[in-house]
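The next block is entry.cif, given as mmCIF, C-alpha atoms and all ligand atoms.
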data_model
loop_
_atom_site.label_atom_id
_atom_site.label_comp_id
_atom_site.auth_asym_id
_atom_site.auth_seq_id
_atom_site.Cartn_x
_atom_site.Cartn_y
_atom_site.Cartn_z
CA MET A 57 -23.86 27.95 4.02
CA GLN A 58 -20.64 26.04 4.48
CA ILE A 59 -20.16 22.58 2.92
CA CYS A 60 -17.13 20.82 4.36
CA CYS A 61 -15.71 18.08 2.16
CA ARG A 62 -12.40 16.42 1.48
CA ARG A 63 -9.67 18.83 2.59
CA GLU A 64 -11.39 21.86 1.16
CA THR A 65 -14.06 24.19 2.40
CA LEU A 66 -16.62 25.27 -0.14
CA LEU A 67 -18.08 28.62 0.88
CA GLU A 68 -20.98 29.56 -1.35
CA GLY A 69 -19.34 31.17 -4.36
CA SER A 70 -15.72 30.35 -3.50
CA ILE A 71 -13.27 27.51 -2.86
CA VAL A 72 -10.67 27.92 -0.17
CA PHE A 73 -7.12 26.65 -0.97
CA MET A 74 -7.08 22.83 -1.05
CA GLU A 75 -4.56 21.37 1.35
CA LYS A 76 -2.58 18.42 -0.07
CA ASN A 77 -1.82 15.25 1.86
CA LYS A 78 1.97 14.84 1.97
CA ILE A 79 2.79 11.13 1.89
CA ILE A 80 5.66 8.69 1.50
CA LEU A 81 4.53 5.46 -0.16
CA ASP A 82 6.57 2.52 1.15
CA THR A 83 5.96 -0.12 -1.49
CA ASP A 84 6.89 -3.52 -2.96
CA PRO A 85 5.54 -3.22 -6.53
CA GLY A 86 3.68 -5.61 -7.03
CA ASN A 87 0.59 -5.63 -9.20
CA ASP A 88 -1.82 -3.92 -6.78
CA ASP A 89 0.98 -1.59 -5.63
CA LEU A 90 1.10 -0.39 -9.25
CA LEU A 91 -2.53 0.78 -9.05
CA ALA A 92 -1.92 2.42 -5.66
CA ILE A 93 1.16 4.29 -6.92
CA ILE A 94 -0.73 5.57 -9.99
CA MET A 95 -3.61 6.72 -7.73
CA ALA A 96 -1.20 8.66 -5.51
CA LEU A 97 0.54 10.21 -8.52
CA LYS A 98 -2.75 11.30 -10.10
CA SER A 99 -4.71 12.55 -7.09
CA ASP A 100 -4.64 16.34 -6.85
CA LEU A 101 -5.08 15.94 -3.08
CA ILE A 102 -1.83 13.99 -2.58
CA GLU A 103 1.77 15.18 -2.76
CA VAL A 104 4.03 12.14 -3.09
CA ARG A 105 7.25 13.17 -1.34
CA GLY A 106 8.92 9.96 -2.47
CA LEU A 107 8.65 6.22 -2.95
CA THR A 108 10.60 4.05 -0.50
CA ILE A 109 11.10 0.49 -1.66
CA VAL A 110 10.94 -2.76 0.25
CA GLY A 111 11.27 -6.38 -0.85
CA GLY A 112 8.19 -8.53 -0.62
CA ASN A 113 6.18 -9.29 -3.76
CA ALA A 114 9.52 -9.75 -5.47
CA SER A 115 13.20 -9.25 -4.66
CA LEU A 116 14.30 -5.76 -3.62
CA GLU A 117 16.08 -5.41 -6.97
CA ASN A 118 12.88 -6.20 -8.86
CA THR A 119 10.60 -4.03 -6.72
CA THR A 120 13.05 -1.14 -7.12
CA ASN A 121 13.25 -1.56 -10.91
CA ASN A 122 9.45 -1.82 -11.10
CA ALA A 123 9.04 1.47 -9.24
CA LEU A 124 11.61 3.23 -11.46
CA SER A 125 10.04 1.82 -14.64
CA LEU A 126 6.53 2.82 -13.55
CA LEU A 127 7.61 6.43 -12.86
CA THR A 128 9.31 6.48 -16.29
CA TYR A 129 6.17 5.12 -17.98
CA MET A 130 3.95 7.66 -16.13
CA ASP A 131 6.38 10.49 -17.04
CA ARG A 132 6.81 11.29 -13.36
CA ILE A 133 10.57 10.89 -13.01
CA GLU A 134 10.68 13.89 -10.66
CA VAL A 135 9.34 11.66 -7.88
CA PRO A 136 12.39 10.40 -5.94
CA VAL A 137 12.90 6.70 -5.21
CA TYR A 138 14.84 5.43 -2.19
CA VAL A 139 15.89 1.83 -1.75
CA GLY A 140 15.21 0.22 1.62
CA ASP A 141 15.56 -3.36 2.74
CA SER A 142 14.52 -6.70 1.38
CA SER A 143 12.03 -7.87 3.88
CA ALA A 144 11.43 -11.53 3.73
CA LEU A 145 12.91 -12.00 7.18
CA ASN A 146 10.87 -15.13 7.37
CA GLU A 147 13.86 -16.78 5.63
CA ILE A 148 15.26 -16.85 9.16
CA SER A 149 12.07 -17.99 10.77
CA THR A 150 10.89 -20.66 8.38
CA SER A 151 12.50 -23.73 6.84
CA ALA A 152 14.03 -23.63 3.34
CA GLU A 153 11.07 -25.61 2.01
CA GLU A 154 8.55 -23.20 3.55
CA PHE A 155 10.47 -20.23 2.12
CA ASP A 156 10.47 -21.85 -1.32
CA ASP A 157 6.70 -22.34 -1.01
CA PHE A 158 6.39 -18.68 -0.04
CA LYS A 159 8.46 -17.61 -3.06
CA SER A 160 6.41 -19.73 -5.46
CA HIS A 161 3.21 -18.28 -3.92
CA ARG A 162 4.37 -14.72 -4.60
CA ILE A 163 5.64 -15.61 -8.12
CA GLU A 164 2.24 -17.10 -8.93
CA ILE A 165 0.44 -13.95 -7.77
CA HIS A 166 2.86 -11.28 -8.98
CA GLY A 167 5.04 -13.01 -11.60
CA GLU A 168 8.80 -13.65 -11.62
CA THR A 169 9.71 -9.95 -11.68
CA GLY A 170 6.84 -8.80 -9.44
CA LEU A 171 4.59 -7.51 -12.23
CA HIS A 172 2.35 -9.25 -14.72
CA VAL A 173 2.71 -6.38 -17.19
CA PRO A 174 5.86 -5.25 -19.04
CA LEU A 175 7.13 -1.72 -18.39
CA PRO A 176 9.75 0.29 -20.29
CA LYS A 177 13.27 0.08 -18.94
CA SER A 178 13.75 3.04 -16.58
CA ASN A 179 16.10 5.90 -17.43
CA ILE A 180 16.36 7.01 -13.79
CA GLU A 181 18.27 5.75 -10.77
CA PRO A 182 17.25 5.58 -7.11
CA LYS A 183 18.68 8.24 -4.78
CA GLU A 184 21.81 7.46 -2.78
CA MET A 185 20.16 7.99 0.61
CA HIS A 186 18.74 4.86 2.28
CA ALA A 187 14.93 4.73 2.48
CA VAL A 188 14.98 4.73 6.28
CA ASP A 189 17.06 7.93 6.40
CA PHE A 190 14.77 9.57 3.84
CA ILE A 191 11.69 8.74 5.92
CA ILE A 192 13.33 10.27 9.00
CA SER A 193 14.56 13.42 7.24
CA GLU A 194 11.22 14.03 5.47
CA ALA A 195 9.32 13.59 8.74
CA GLU A 196 11.63 16.06 10.49
CA SER A 197 11.29 18.64 7.70
CA ASN A 198 7.49 18.24 7.54
CA LYS A 199 6.62 17.90 11.21
CA GLY A 200 2.94 17.07 11.68
CA ALA A 201 2.24 17.15 7.94
CA LEU A 202 3.60 13.87 6.60
CA SER A 203 1.78 10.53 6.54
CA LEU A 204 3.54 7.22 5.94
CA VAL A 205 1.63 4.86 3.66
CA PRO A 206 3.29 1.43 3.78
CA ILE A 207 1.70 -1.03 1.33
CA GLY A 208 4.27 -3.81 1.64
CA PRO A 209 6.17 -5.48 4.50
CA LEU A 210 6.92 -3.06 7.36
CA THR A 211 10.68 -3.55 7.52
CA ASN A 212 11.63 0.03 6.53
CA ILE A 213 9.01 1.61 8.78
CA ALA A 214 10.09 -0.38 11.83
CA MET A 215 13.74 0.48 11.18
CA ALA A 216 12.90 4.20 10.91
CA ILE A 217 10.95 4.17 14.21
CA LYS A 218 13.83 2.34 15.92
CA LYS A 219 16.49 4.66 14.48
CA GLU A 220 14.63 7.89 15.33
CA PRO A 221 12.28 7.69 18.35
CA ASN A 222 11.04 11.25 17.60
CA LEU A 223 9.50 9.93 14.36
CA ALA A 224 6.38 8.95 16.30
CA ASN A 225 5.79 12.63 17.18
CA TRP A 226 6.87 14.05 13.83
CA ILE A 227 4.52 12.14 11.51
CA GLN A 228 0.80 12.79 11.16
CA GLY A 229 0.06 9.04 11.11
CA ILE A 230 0.43 5.74 9.26
CA HIS A 231 -2.06 4.25 6.79
CA LEU A 232 -0.92 0.67 6.26
CA MET A 233 -2.05 -2.27 4.18
CA GLY A 234 -1.61 -5.41 6.23
CA GLY A 235 -3.06 -7.90 8.65
CA ALA A 236 -6.23 -9.94 9.02
CA ILE A 237 -7.99 -9.18 12.32
CA ASN A 238 -11.34 -10.99 12.15
CA VAL A 239 -10.78 -12.95 8.90
CA PRO A 240 -8.31 -15.63 7.77
CA GLY A 241 -4.93 -14.72 6.27
CA ASN A 242 -3.88 -15.14 2.63
CA VAL A 243 -0.47 -16.80 2.97
CA THR A 244 -1.47 -19.15 5.78
CA GLN A 245 -4.85 -19.30 7.46
CA TYR A 246 -3.44 -16.93 10.08
CA ALA A 247 -1.07 -14.56 8.23
CA GLU A 248 -1.59 -11.83 5.65
CA PHE A 249 1.32 -11.45 3.19
CA ASN A 250 2.83 -8.09 4.30
CA ILE A 251 2.84 -9.16 7.94
CA TYR A 252 4.05 -12.68 7.11
CA CYS A 253 7.11 -11.22 5.34
CA ASP A 254 8.32 -9.49 8.48
CA PRO A 255 6.18 -10.08 11.59
CA VAL A 256 8.81 -8.70 13.97
CA ALA A 257 8.79 -5.36 12.13
CA ALA A 258 4.99 -5.40 11.98
CA ASN A 259 4.78 -5.99 15.73
CA GLU A 260 7.14 -3.07 16.40
CA VAL A 261 5.14 -0.69 14.18
CA LEU A 262 1.72 -1.77 15.50
CA SER A 263 2.82 -1.46 19.13
CA SER A 264 4.66 1.85 18.63
CA GLY A 265 1.71 3.94 19.82
CA ILE A 266 1.72 5.87 16.52
CA LYS A 267 -1.79 6.64 15.17
CA ILE A 268 -2.37 3.90 12.60
CA LYS A 269 -5.19 3.22 10.15
CA LEU A 270 -4.96 -0.50 9.40
CA CYS A 271 -6.40 -1.56 6.05
CA GLY A 272 -6.34 -5.33 6.43
CA LEU A 273 -7.94 -8.22 4.59
CA ASP A 274 -11.09 -7.51 6.63
CA ILE A 275 -11.86 -4.75 4.11
CA THR A 276 -9.44 -5.29 1.20
CA ARG A 277 -10.05 -8.92 0.22
CA GLY A 278 -13.74 -8.28 -0.52
CA THR A 279 -13.16 -5.10 -2.56
CA PHE A 280 -12.14 -6.39 -5.95
CA VAL A 281 -12.35 -6.05 -9.72
CA GLU A 282 -13.84 -9.13 -11.37
CA ARG A 283 -12.68 -10.80 -14.59
CA GLU A 284 -15.82 -9.53 -16.33
CA ASP A 285 -15.33 -5.94 -15.05
CA THR A 286 -13.49 -5.04 -18.23
CA ASN A 287 -15.13 -1.61 -18.27
CA TRP A 288 -14.16 -0.70 -14.71
CA LEU A 289 -11.70 1.80 -16.19
CA GLY A 290 -13.15 3.35 -19.31
CA GLY A 291 -10.66 6.11 -20.13
CA ASN A 292 -7.51 6.14 -22.23
CA SER A 293 -5.05 7.82 -19.88
CA LEU A 294 -1.61 6.22 -19.61
CA GLY A 295 -2.48 4.79 -16.23
CA GLU A 296 -5.82 3.35 -17.31
CA GLN A 297 -4.31 1.71 -20.38
CA LEU A 298 -1.57 0.10 -18.28
CA ILE A 299 -3.99 -1.11 -15.60
CA ARG A 300 -6.37 -2.62 -18.16
CA HIS A 301 -3.38 -4.42 -19.70
CA LEU A 302 -2.31 -5.61 -16.24
CA LEU A 303 -5.76 -6.91 -15.29
CA ASP A 304 -6.14 -8.64 -18.64
CA SER A 305 -2.75 -10.29 -18.19
CA VAL A 306 -3.43 -11.35 -14.58
CA PHE A 307 -6.73 -13.01 -15.50
CA LYS A 308 -5.11 -14.69 -18.54
CA LYS A 309 -2.15 -16.03 -16.51
CA LEU A 310 -4.30 -17.13 -13.58
CA PRO A 311 -7.30 -18.82 -15.26
CA ASP A 312 -8.85 -19.95 -11.98
CA ARG A 313 -8.61 -16.48 -10.43
CA ASN A 314 -11.69 -14.33 -11.08
CA ARG A 315 -11.05 -11.48 -8.66
CA PHE A 316 -8.27 -8.87 -8.33
CA SER A 317 -8.46 -7.48 -4.78
CA LEU A 318 -7.71 -3.78 -4.40
CA HIS A 319 -5.58 -4.18 -1.25
CA ASP A 320 -3.09 -1.34 -1.79
CA PRO A 321 -5.41 1.05 -3.66
CA ILE A 322 -7.81 0.97 -0.68
CA THR A 323 -4.96 2.02 1.59
CA VAL A 324 -4.28 5.12 -0.54
CA LEU A 325 -8.06 5.71 -0.63
CA SER A 326 -8.09 5.67 3.21
CA VAL A 327 -5.87 8.79 3.13
CA LEU A 328 -8.38 10.66 0.94
CA TYR A 329 -11.76 9.24 1.95
CA PRO A 330 -11.49 7.62 5.40
CA GLU A 331 -15.26 8.08 5.73
CA LEU A 332 -15.81 5.26 3.21
CA ILE A 333 -14.43 2.86 5.82
CA GLU A 334 -15.87 1.95 9.24
CA TRP A 335 -13.05 2.09 11.81
CA GLU A 336 -12.89 0.47 15.24
CA MET A 337 -10.12 1.13 17.78
CA TYR A 338 -7.93 -1.82 18.72
CA ASP A 339 -4.66 -2.83 20.28
CA VAL A 340 -2.89 -5.07 17.74
CA SER A 341 0.03 -7.44 18.25
CA VAL A 342 1.69 -9.93 15.90
CA VAL A 343 2.62 -13.56 16.51
CA CYS A 344 6.32 -13.92 15.59
CA SER A 345 6.91 -17.66 15.91
CA GLY A 346 5.19 -21.02 15.83
CA PRO A 347 2.34 -22.21 13.56
CA ASN A 348 0.41 -18.90 13.90
CA PHE A 349 3.50 -17.02 12.64
CA GLY A 350 2.41 -13.64 11.20
CA GLN A 351 -1.06 -13.63 12.78
CA THR A 352 -2.36 -10.18 13.78
CA ILE A 353 -4.17 -10.37 17.12
CA GLY A 354 -6.66 -7.52 17.64
CA THR A 355 -8.09 -6.59 21.04
CA PRO A 356 -10.90 -3.98 20.90
CA ASN A 357 -9.86 -0.93 22.95
CA ALA A 358 -11.48 2.49 22.57
CA GLU A 359 -8.17 3.97 23.82
CA GLY A 360 -6.10 1.84 21.41
CA SER A 361 -3.78 3.46 18.82
CA VAL A 362 -4.79 1.28 15.85
CA ALA A 363 -7.96 2.13 13.92
CA VAL A 364 -8.86 -1.15 12.22
CA GLY A 365 -10.96 -0.97 9.05
CA VAL A 366 -13.84 -3.36 9.86
CA ASN A 367 -16.22 -2.49 7.04
CA ILE A 368 -16.13 -0.61 3.73
CA ASP A 369 -18.58 0.72 1.16
CA ARG A 370 -17.13 -1.59 -1.49
CA GLU A 371 -18.90 -0.29 -4.57
CA LEU A 372 -18.33 3.37 -3.67
CA ALA A 373 -14.67 2.60 -2.89
CA LYS A 374 -14.23 0.92 -6.30
CA LEU A 375 -15.93 3.88 -7.98
CA LYS A 376 -13.75 6.43 -6.15
CA ILE A 377 -10.58 4.48 -7.03
CA SER A 378 -11.59 4.39 -10.71
CA GLU A 379 -12.36 8.13 -10.63
CA ILE A 380 -8.92 8.94 -9.21
CA LEU A 381 -7.23 6.67 -11.78
CA ALA A 382 -9.17 8.41 -14.55
CA THR A 383 -8.10 11.95 -13.64
O1 LIG A 401 -1.91 -9.20 1.21
C1 LIG A 401 -1.91 -8.19 0.23
C2 LIG A 401 -0.62 -7.44 0.24
O2 LIG A 401 0.45 -8.31 -0.09
C3 LIG A 401 -0.58 -6.32 -0.82
O3 LIG A 401 0.21 -5.26 -0.35
C4 LIG A 401 0.09 -6.99 -1.99
O4 LIG A 401 0.81 -6.06 -2.80
C5 LIG A 401 1.05 -7.91 -1.31
O5 LIG A 401 2.21 -7.16 -1.02
CA CA A 402 2.06 -4.37 -1.74
#

Would you write the structure of this file as structure tokens?
Ligand code: RIB
Ligand code: CA
Amino acid sequence: MQICCRRETLLEGSIVFMEKNKIILDTDPGNDDLLAIIMALKSDLIEVRGLTIVGGNASLENTTNNALSLLTYMDRIEVPVYVGDSSALNEISTSAEEFDDFKSHRIEIHGETGLHVPLPKSNIEPKEMHAVDFIISEAESNKGALSLVPIGPLTNIAMAIKKEPNLANWIQGIHLMGGAINVPGNVTQYAEFNIYCDPVAANEVLSSGIKIKLCGLDITRGTFVEREDTNWLGGNSLGEQLIRHLLDSVFKKLPDRNRFSLHDPITVLSVLYPELIEWEMYDVSVVCSGPNFGQTIGTPNAEGSVAVGVNIDRELAKLKISEILAT
């Protein structure tokens, strides 16, 4: 009898070689990015080929330092880090006052430096190569085997697609955190944060024709850890200790916030367990000006290239995420 499960085939009495998912995490750490990065580092079904950094939850300098410090803390300094671009292109598209509002919104959620938990100063440096060039070179050297997992603004991804048109054929696909198709946004009523930071880039990525799994607020907002869920992570691994400290700090600093949504962790989970999410095929475009700035417009299309996550087994997703973090 053959039991097929995640990337391995169990034949009665034997396990065939497990195939790892090669990914590049494009990230703006970022409190929930921190959980997603630890998941990717700990999963024995993921090979992290590198972290590419984008601005978003904090300045590019801060998101880069946070990534380097997290790898140092997790004793994973072999994972290379490549600096990309600061995203917040909305500086061009919104007034100074609106951009100040945006900055204070992200500082409230993620703190001045982008994290609500202190990390040791890193003893490693980012690589010289630009993030966009790393994405292109990795995709070319791993044709058909590399997935891009952007969990911040899509600036680097859009630049890579523009710079190397073959990228679309070289990569296996994109699993991205972003957008709000049938639900309101979280920066404005229309726009989700990652898209809001760079809607032009988001529009280019979503209309590229590349196979995309979109993990938007439709499934991420409602999958959360609550203030009382103090035993969600029960173990004492380095990652679990740090995450418990982070959650404790977030709930202390934001007394009227009782939920920590697992936006970015769900996106990593979609690489490993896509079956936990109900997907529907859409065409997706992004509004790049006017009051609906950053809105993701989804049109159902069975032939579309964007699989939108429309429903998720929330409790099982939370359990799976905690299991991966506990390994
Ligand atoms: O809207 C949620 C997204 O914005 C997450 O990626 C979070 O890290 C922030 O970047
Ligand atoms: Ca993020």

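The binding environment of ligand LIG 401 (chain A), defined as every protein, DNA or RNA residue with an atom no more than 8 Å away and counting all atoms listed in the file, comprises A:Thr83, A:Asp84, A:Pro85, A:Gly86, A:Asn87, A:Asp88, A:Asp89, A:Gly112, A:Asn113, A:Ile207, A:Gly208, A:Pro209, A:Met233, A:Gly234, A:Gly235, A:Asn242, A:Val243, A:Glu248, A:Phe249, A:Asn250, A:Gly272, A:Leu273, A:His319, A:Asp320.
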
Q. Distance atom CA of A:Asp157-atom CA of A:Leu107, one decimal place?
A. 28.7 Å

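Each of A:Thr276, A:Gln351, A:Asn238, A:Thr120 was checked against A:Glu181 using only C-alpha atoms; the smallest atom-to-atom distance is that of A:Thr120.
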
Q) With only C-alpha atoms as the basis for distance, which of A:Ser125, A:Thr279, A:Asn212, A:Gln297 is at the shortest distance from A:Glu260? A) A:Asn212

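Of the residues under consideration (A:Leu97, A:Cys271, A:Met215, A:Val362), A:Cys271 shows the shortest atom-to-atom contact distance to ligand CA 402 (chain A) when counting only C-alpha atoms and all ligand atoms.
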
How big is the axis-aligned box around the listed atoms of stretch 290-305 of chain A once 6 Å is added on each side, and where is its centre? Give both in Å to one decimal, as JSON.
{"center_x": -7.4, "center_y": -1.2, "center_z": -18.8, "size_x": 23.6, "size_y": 30.1, "size_z": 18.9}

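Across the model, the gap from atom CA of A:Thr323 to atom CA of A:Asn259 is 18.9 Å.
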
Q.
Restricting the calculation to all atoms listed in the file: of A:Gly140, A:Gly265, A:Pro182, A:Gly354, which residue gets closest to A:Thr108?
A. A:Gly140

(Q) Quick one: residues within 12 Å of A:Glu168, all atoms listed in the file, excluding same-chain residues fewer than 6 positions away - as an MDAnalysis selection string? (A) chainID A and resid 86:87 113:115 117:119 122 159:162 174

Take the residues that were just selected and, keeping C-alpha atoms, output them as a short mmCIF file (atom, residue, chain, number, x, y, z; two decimals), keeping the file's coordinate frame.
data_model
loop_
_atom_site.label_atom_id
_atom_site.label_comp_id
_atom_site.auth_asym_id
_atom_site.auth_seq_id
_atom_site.Cartn_x
_atom_site.Cartn_y
_atom_site.Cartn_z
CA GLY A 86 3.68 -5.61 -7.03
CA ASN A 87 0.59 -5.63 -9.20
CA ASN A 113 6.18 -9.29 -3.76
CA ALA A 114 9.52 -9.75 -5.47
CA SER A 115 13.20 -9.25 -4.66
CA GLU A 117 16.08 -5.41 -6.97
CA ASN A 118 12.88 -6.20 -8.86
CA THR A 119 10.60 -4.03 -6.72
CA ASN A 122 9.45 -1.82 -11.10
CA LYS A 159 8.46 -17.61 -3.06
CA SER A 160 6.41 -19.73 -5.46
CA HIS A 161 3.21 -18.28 -3.92
CA ARG A 162 4.37 -14.72 -4.60
CA PRO A 174 5.86 -5.25 -19.04
#

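With distances restricted to only C-alpha atoms and all ligand atoms, A:Ser317 is the closest residue to ligand CA 402 (chain A) from A:Ser361, A:Gln245, A:Ser378, A:Ser317.
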
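Residues lying within 9 Å of A:Asn314, counting all atoms listed in the file and ignoring same-chain neighbours fewer than 6 positions away, are A:Val281, A:Glu282, A:Arg283, A:Glu284, A:Phe307.
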
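Across A:Val256, A:Val366, A:Leu318, A:Met95, the tightest approach to ligand CA 402 (chain A) is made by A:Leu318 when counting all atoms listed in the file.
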